[in-house]
$ cat start-v9.cif   # mmCIF, C-alpha atoms and all ligand atoms
data_upload
#
loop_
_atom_site.label_atom_id
_atom_site.label_comp_id
_atom_site.auth_asym_id
_atom_site.auth_seq_id
_atom_site.Cartn_x
_atom_site.Cartn_y
_atom_site.Cartn_z
CA MET M 4 0.00 0.00 0.00
CA SER M 5 1.45 3.35 -1.04
CA TYR M 6 1.42 6.36 1.25
CA LEU M 7 -1.39 8.14 -0.60
CA GLU M 8 -3.44 4.94 -0.75
CA ALA M 9 -2.97 4.56 3.00
CA VAL M 10 -4.12 8.13 3.55
CA ALA M 11 -7.14 7.67 1.31
CA SER M 12 -8.18 4.49 3.10
CA THR M 13 -8.23 6.18 6.52
CA GLU M 14 -11.51 7.80 5.45
CA SER M 15 -13.48 4.56 5.76
CA THR M 16 -12.02 3.13 8.94
CA ARG M 17 -14.40 4.63 11.51
CA THR M 18 -17.35 2.56 10.32
CA ARG M 19 -15.45 -0.69 10.57
CA CYS M 20 -14.65 0.02 14.21
CA ASP M 21 -18.33 -0.14 15.04
CA GLN M 22 -18.36 -3.86 14.35
CA PRO M 23 -18.61 -6.00 17.49
CA HIS M 24 -15.40 -7.16 19.00
CA LYS M 25 -14.69 -9.95 21.40
CA THR M 26 -11.86 -8.51 23.44
CA ALA M 27 -11.27 -5.03 24.70
CA SER M 28 -8.19 -4.85 26.81
CA ARG M 29 -8.40 -1.49 28.58
CA THR M 30 -5.41 -2.18 30.77
CA PRO M 31 -2.36 -2.10 28.53
CA THR M 32 0.29 -4.69 29.00
CA SER M 33 3.56 -2.95 28.53
CA SER M 34 7.12 -2.91 29.61
CA SER M 35 8.56 0.43 30.55
CA ASN M 36 12.20 1.34 30.42
CA SER M 37 11.67 4.49 32.43
CA PRO M 38 8.50 4.46 34.51
CA ASN M 39 8.33 8.21 35.06
CA LYS M 40 9.30 9.28 31.59
CA ILE M 41 5.77 9.44 30.12
CA GLN M 42 4.86 12.36 32.37
CA GLU M 43 7.99 14.35 31.60
CA LYS M 44 7.33 15.46 28.03
CA LYS M 45 4.31 16.86 26.27
CA THR M 46 3.25 14.43 23.59
CA LEU M 47 3.26 10.65 23.29
CA LEU M 48 4.37 9.33 19.90
CA VAL M 49 3.12 5.78 19.40
CA LEU M 50 4.85 3.83 16.65
CA ASP M 51 3.77 0.62 15.01
CA LEU M 52 6.57 -1.90 14.45
CA ASP M 53 6.06 -4.28 11.52
CA GLU M 54 6.16 -2.68 8.06
CA THR M 55 6.45 0.71 9.78
CA LEU M 56 9.94 0.44 11.31
CA VAL M 57 11.05 -3.04 10.25
CA HIS M 58 10.08 -6.00 8.13
CA ARG M 59 10.28 -9.49 9.59
CA THR M 60 9.85 -12.93 8.14
CA ILE M 61 10.37 -16.48 9.26
CA SER M 62 10.84 -17.69 5.70
CA THR M 63 14.24 -18.91 4.63
CA GLY M 64 14.21 -17.15 1.26
CA SER M 65 16.67 -14.55 0.05
CA LEU M 66 15.85 -12.25 2.98
CA ASN M 67 18.05 -14.25 5.37
CA LYS M 68 21.12 -13.13 3.40
CA GLN M 69 20.28 -9.42 3.44
CA CYS M 70 18.68 -9.17 6.89
CA ASP M 71 20.14 -6.87 9.53
CA PHE M 72 19.83 -9.48 12.25
CA SER M 73 18.02 -12.66 13.14
CA PHE M 74 16.89 -14.48 16.25
CA THR M 75 15.32 -17.81 17.03
CA ILE M 76 12.08 -18.64 18.77
CA GLY M 77 11.77 -22.34 19.43
CA GLU M 78 12.66 -24.04 16.19
CA ARG M 79 11.97 -21.00 14.03
CA THR M 80 14.38 -18.31 12.91
CA CYS M 81 13.07 -14.78 12.45
CA TYR M 82 14.90 -12.55 9.95
CA VAL M 83 14.63 -8.79 10.39
CA LEU M 84 15.29 -5.96 7.99
CA LEU M 85 15.44 -2.37 9.28
CA ARG M 86 13.64 0.34 7.34
CA PRO M 87 16.07 2.90 5.93
CA TYR M 88 16.77 5.77 8.35
CA VAL M 89 15.03 4.03 11.26
CA ARG M 90 17.79 4.52 13.82
CA LYS M 91 18.19 8.24 13.07
CA PHE M 92 14.42 8.57 13.09
CA LEU M 93 14.18 7.03 16.57
CA GLU M 94 17.02 9.17 17.84
CA ARG M 95 15.33 12.34 16.63
CA VAL M 96 11.78 11.56 17.77
CA SER M 97 13.01 10.49 21.20
CA GLU M 98 14.27 14.06 21.60
CA LEU M 99 10.85 15.47 20.71
CA PHE M 100 8.38 13.02 22.25
CA ASP M 101 7.84 10.24 24.68
CA VAL M 102 8.09 7.28 22.34
CA ALA M 103 6.11 4.08 22.67
CA ILE M 104 5.97 1.04 20.42
CA PHE M 105 2.51 -0.50 20.00
CA THR M 106 2.68 -3.72 18.04
CA ALA M 107 0.16 -6.44 17.26
CA SER M 108 2.99 -8.93 17.67
CA GLY M 109 3.69 -10.86 20.81
CA ARG M 110 6.45 -9.97 23.21
CA GLY M 111 8.56 -12.94 22.08
CA TYR M 112 8.85 -11.54 18.56
CA ALA M 113 8.84 -7.85 19.39
CA ASP M 114 11.36 -7.64 22.21
CA PRO M 115 14.41 -9.01 20.36
CA THR M 116 13.70 -6.58 17.53
CA LEU M 117 13.27 -3.60 19.85
CA ASP M 118 16.38 -4.56 21.81
CA PHE M 119 18.29 -4.53 18.54
CA LEU M 120 16.85 -1.15 17.55
CA ASP M 121 17.37 0.38 20.98
CA PRO M 122 20.09 -1.67 22.71
CA GLN M 123 20.57 0.78 25.56
CA HIS M 124 16.84 1.27 26.11
CA LYS M 125 17.16 5.03 25.80
CA LEU M 126 14.98 5.78 22.77
CA ILE M 127 11.78 3.83 23.37
CA ALA M 128 10.13 4.51 26.71
CA ARG M 129 7.37 1.90 26.56
CA ARG M 130 6.37 -1.22 24.68
CA TYR M 131 2.82 -2.41 24.11
CA TYR M 132 2.08 -5.81 22.62
CA LYS M 133 -0.81 -7.60 20.95
CA ASP M 134 -2.69 -8.13 24.20
CA SER M 135 -3.19 -4.35 24.37
CA ALA M 136 -4.96 -4.24 20.99
CA VAL M 137 -8.72 -4.66 20.60
CA TYR M 138 -9.63 -7.78 18.61
CA ARG M 139 -12.80 -8.22 16.61
CA VAL M 140 -14.75 -11.41 16.04
CA ASP M 141 -13.28 -11.72 12.52
CA GLY M 142 -9.74 -11.79 13.95
CA SER M 143 -8.75 -8.30 12.83
CA TYR M 144 -7.83 -5.70 15.41
CA TYR M 145 -7.37 -2.03 16.11
CA LYS M 146 -5.41 0.09 18.54
CA ASP M 147 -7.43 2.15 20.99
CA LEU M 148 -5.29 5.08 22.10
CA SER M 149 -7.47 5.72 25.16
CA ILE M 150 -5.66 2.86 26.93
CA PHE M 151 -2.78 5.23 27.66
CA GLY M 152 -4.96 7.40 29.87
CA ILE M 153 -3.47 10.55 28.38
CA ASP M 154 -5.22 13.59 26.88
CA LEU M 155 -5.69 12.61 23.23
CA ALA M 156 -4.64 16.11 22.19
CA LYS M 157 -1.15 14.83 23.04
CA VAL M 158 -1.11 11.41 21.41
CA ILE M 159 0.04 10.48 17.88
CA LEU M 160 -0.05 7.04 16.26
CA VAL M 161 2.11 6.32 13.19
CA ASP M 162 1.04 3.05 11.59
CA ASP M 163 1.00 1.42 8.16
CA CYS M 164 -2.40 -0.14 8.83
CA PRO M 165 -5.12 2.56 8.62
CA THR M 166 -7.75 0.41 10.37
CA ASN M 167 -5.77 1.00 13.54
CA PHE M 168 -6.89 4.63 13.48
CA CYS M 169 -10.59 3.88 13.58
CA MET M 170 -11.18 4.82 17.21
CA GLN M 171 -9.29 8.12 17.06
CA LYS M 172 -8.76 8.84 13.39
CA ASP M 173 -7.48 12.39 13.90
CA ASN M 174 -4.59 11.02 15.95
CA GLY M 175 -3.40 8.67 13.22
CA ILE M 176 -0.68 9.32 10.68
CA PRO M 177 -0.53 6.64 8.00
CA ILE M 178 2.78 5.58 6.57
CA ALA M 179 3.38 3.39 3.54
CA SER M 180 4.02 -0.26 4.32
CA TRP M 181 7.68 -1.12 3.98
CA TYR M 182 9.15 -4.49 3.09
CA THR M 183 12.55 -4.34 1.47
CA ASP M 184 12.94 -1.19 -0.68
CA PRO M 185 16.41 0.24 0.13
CA GLN M 186 15.45 3.57 -1.46
CA ASP M 187 12.50 4.15 0.88
CA ASP M 188 12.59 7.57 2.57
CA GLU M 189 9.22 7.68 4.34
CA LEU M 190 10.67 8.02 7.84
CA SER M 191 12.93 10.94 6.97
CA THR M 192 10.09 12.57 4.98
CA LEU M 193 7.79 12.31 7.99
CA LEU M 194 10.16 14.00 10.42
CA PRO M 195 9.45 17.68 9.58
CA PHE M 196 5.73 17.10 10.15
CA LEU M 197 6.39 15.37 13.48
CA GLU M 198 8.66 18.25 14.50
CA ARG M 199 5.76 20.59 13.87
CA LEU M 200 3.40 18.42 15.93
CA ALA M 201 5.82 18.31 18.85
CA ALA M 202 5.11 21.97 19.52
CA ALA M 203 1.32 21.75 19.12
CA ASP M 204 -1.17 22.12 21.96
CA ASP M 205 -3.51 19.73 20.13
CA VAL M 206 -2.15 17.47 17.38
CA ARG M 207 -5.58 16.43 16.04
CA PRO M 208 -6.62 19.45 13.92
CA ILE M 209 -3.14 19.58 12.38
CA ILE M 210 -3.20 15.88 11.46
CA ALA M 211 -6.77 16.19 10.15
CA GLU M 212 -5.82 19.14 7.94
CA ARG M 213 -2.77 17.34 6.51
CA LEU M 214 -4.74 14.16 5.77
CA SER M 215 -7.46 16.18 4.12
CA GLN M 216 -4.89 17.78 1.82
CA LEU M 217 -3.28 14.44 1.02
CA ARG M 218 -6.65 12.82 0.30
CA ARG M 219 -7.35 15.60 -2.18
CA ILE M 220 -3.98 14.97 -3.88
CA TYR M 221 -4.80 11.25 -4.02
CA TRP M 222 -8.27 11.97 -5.41
CA LEU M 223 -6.87 14.31 -8.10
CA LYS M 224 -4.19 11.80 -9.10
CA ASP M 225 -6.75 9.01 -9.23
CA LEU M 226 -9.06 11.19 -11.33
CA ALA M 227 -6.24 12.11 -13.74
CA SER M 228 -5.30 8.45 -14.08
CA LYS M 229 -8.91 7.44 -14.87
CA GLN M 230 -9.27 10.27 -17.40
CA LYS M 231 -6.05 9.21 -19.13
CA GLN M 232 -7.26 5.63 -19.26
CA GLN M 233 -10.61 6.77 -20.69
CA GLU M 234 -8.87 8.87 -23.37
CA GLY M 235 -6.72 5.86 -24.27
CA ASN M 236 -9.82 3.66 -24.62
CA THR M 237 -11.57 6.28 -26.81
CA GLU M 238 -8.52 6.63 -29.05
CA ALA M 239 -8.22 2.85 -29.40
CA LYS M 240 -11.89 2.66 -30.38
CA LEU M 241 -11.48 5.39 -33.02
CA ASN M 242 -8.40 3.68 -34.48
CA SER M 243 -10.22 0.37 -34.70
CA GLY M 244 -13.09 2.07 -36.53
CA ASP M 245 -15.79 0.92 -34.11
MG MG X 301 2.26 -2.63 10.74
#

$ encode --input "start-v9.cif" --output "structure tokens" --more "lines below"
Ligand SMILES: [Mg+2]
Amino acid sequence: MSYLEAVASTESTRTRCDQPHKTASRTPTSSSNSPNKIQEKKTLLVLDLDETLVHRTISTGSLNKQCDFSFTIGERTCYVLLRPYVRKFLERVSELFDVAIFTASGRGYADPTLDFLDPQHKLIARRYYKDSAVYRVDGSYYKDLSIFGIDLAKVILVDDCPTNFCMQKDNGIPIASWYTDPQDDELSTLLPFLERLAAADDVRPIIAERLSQLRRIYWLKDLASKQKQQEGNTEAKLNSGD
């Protein structure tokens, strides 16, 4: 999913949240590296892990040769690739925000990856795992930011899965899913906007305005693409004499 497609799809996520769910964990299960740190700074930046900061696989394909590190769980080996710029990104945002990771993965998979990303436990203040997400009957899930117990004017979620924004869509910043592209620059591109949010009293109207602009760009591009396709079809018809 491209960045603009991710932005466009955030529009329809609120409705899907209204579907019944079977679990609603209101008490987050987390590990904290610095218990008092959350109260020290203004805004909490919540980051998704998979396809936002890293890509992981347990396959034994070509990825095991190019991965940044690997670890084993039981009999399985997990290969991890880091998204370009991820370390510098974490260093910078940890200066601006309290940083939490909220992943739909279990602790067994997430912790080795986060320990590799933040070996001294200085960048990421808290870790939230899949048991903190809200699961629906169909097996899908979303991330309810109210579990942090913090004023939502001061909470941001960056995630490649737009359905995770459905409870608080004005707090969510979509990012394109990342797998292996070494040229990807989404994290560095996002930084100036996050720097702007760090100084905001309420992040929600700023995020809403940006997403509205990006949706319009997506809509215009999509419209131009359809018009071009239509013109091509008309020209082909004329040339064939139909
Ligand atoms: Mg993800």

$ residues_near_ligand --input "start-v9.cif" --ligand "ligand MG 301 (chain X)" --cutoff "10 Å" --atoms "all atoms listed in the file" --output "PyMOL selection string"
chain M and resi 50-58+105-108+161-165+167+178-181

$ write_last_selection --input "start-v9.cif" --atoms "C-alpha atoms" --output "PDB file, keeping the file's coordinate frame"
ATOM      1  CA  LEU M  50       4.850   3.830  16.650  1.00  0.00           C
ATOM      2  CA  ASP M  51       3.770   0.620  15.010  1.00  0.00           C
ATOM      3  CA  LEU M  52       6.570  -1.900  14.450  1.00  0.00           C
ATOM      4  CA  ASP M  53       6.060  -4.280  11.520  1.00  0.00           C
ATOM      5  CA  GLU M  54       6.160  -2.680   8.060  1.00  0.00           C
ATOM      6  CA  THR M  55       6.450   0.710   9.780  1.00  0.00           C
ATOM      7  CA  LEU M  56       9.940   0.440  11.310  1.00  0.00           C
ATOM      8  CA  VAL M  57      11.050  -3.040  10.250  1.00  0.00           C
ATOM      9  CA  HIS M  58      10.080  -6.000   8.130  1.00  0.00           C
ATOM     10  CA  PHE M 105       2.510  -0.500  20.000  1.00  0.00           C
ATOM     11  CA  THR M 106       2.680  -3.720  18.040  1.00  0.00           C
ATOM     12  CA  ALA M 107       0.160  -6.440  17.260  1.00  0.00           C
ATOM     13  CA  SER M 108       2.990  -8.930  17.670  1.00  0.00           C
ATOM     14  CA  VAL M 161       2.110   6.320  13.190  1.00  0.00           C
ATOM     15  CA  ASP M 162       1.040   3.050  11.590  1.00  0.00           C
ATOM     16  CA  ASP M 163       1.000   1.420   8.160  1.00  0.00           C
ATOM     17  CA  CYS M 164      -2.400  -0.140   8.830  1.00  0.00           C
ATOM     18  CA  PRO M 165      -5.120   2.560   8.620  1.00  0.00           C
ATOM     19  CA  ASN M 167      -5.770   1.000  13.540  1.00  0.00           C
ATOM     20  CA  ILE M 178       2.780   5.580   6.570  1.00  0.00           C
ATOM     21  CA  ALA M 179       3.380   3.390   3.540  1.00  0.00           C
ATOM     22  CA  SER M 180       4.020  -0.260   4.320  1.00  0.00           C
ATOM     23  CA  TRP M 181       7.680  -1.120   3.980  1.00  0.00           C
TER      24      TRP M 181
END

$ residues_around --input "start-v9.cif" --residues "Lys91 (chain M)" --least-positions-apart "2" --cutoff "12 Å" --atoms "all atoms listed in the file" --output "NGL selection string"
:M and (56 or 85-89 or 93-98 or 120-121 or 126 or 188 or 190-191 or 194)

$ residues_near_point --input "start-v9.cif" --point "(17.1, -8.6, 16.0)" --cutoff "6 Å" --atoms "only C-alpha atoms" --output "list in words"
Phe72, Ser73, Phe74, Pro115, Thr116 and Phe119 of chain M

$ residues_around --input "start-v9.cif" --residues "region 202-216 of chain M" --least-positions-apart "5" --cutoff "8 Å" --atoms "all atoms listed in the file" --output "PDB file with C-alpha atoms, keeping the file's coordinate frame"
ATOM      1  CA  VAL M  10      -4.120   8.130   3.550  1.00  0.00           C
ATOM      2  CA  ALA M 156      -4.640  16.110  22.190  1.00  0.00           C
ATOM      3  CA  LYS M 157      -1.150  14.830  23.040  1.00  0.00           C
ATOM      4  CA  VAL M 158      -1.110  11.410  21.410  1.00  0.00           C
ATOM      5  CA  ILE M 159       0.040  10.480  17.880  1.00  0.00           C
ATOM      6  CA  ASP M 173      -7.480  12.390  13.900  1.00  0.00           C
ATOM      7  CA  ASN M 174      -4.590  11.020  15.950  1.00  0.00           C
ATOM      8  CA  GLY M 175      -3.400   8.670  13.220  1.00  0.00           C
ATOM      9  CA  ILE M 176      -0.680   9.320  10.680  1.00  0.00           C
TER      10      ILE M 176
END

$ residues_around --input "start-v9.cif" --residues "region 144-155 of chain M" --least-positions-apart "4" --cutoff "6 Å" --atoms "only C-alpha atoms" --output "list in words"
Arg29, Ala136, Val137, Tyr138, Arg139, Asn167 and Met170 of chain M

$ atom_distance --input "start-v9.cif" --atom1 "CA of Tyr131 (chain M)" --atom2 "CA of Asp114 (chain M)"
10.2 Å

$ atom_distance --input "start-v9.cif" --atom1 "CA of Arg129 (chain M)" --atom2 "CA of Val49 (chain M)"
9.2 Å

$ closest_residue --input "start-v9.cif" --among "M:Ile61, M:Val83, M:Ile104, M:Ala227" --to "Thr183 (chain M)" --atoms "all atoms listed in the file"
M:Val83

$ atom_distance --input "start-v9.cif" --atom1 "CA of Cys81 (chain M)" --atom2 "CA of Ile127 (chain M)"
21.6 Å

$ closest_residue --input "start-v9.cif" --among "M:Leu241, M:Lys133, M:Gln171, M:Ala201" --to "Leu48 (chain M)" --atoms "only C-alpha atoms"
M:Ala201

$ axis_aligned_box --input "start-v9.cif" --around "region 135-139 of chain M" --padding-each-side "3 Å" --output "JSON"
{"center_x": -8.0, "center_y": -6.2, "center_z": 20.5, "size_x": 15.6, "size_y": 10.0, "size_z": 13.8}
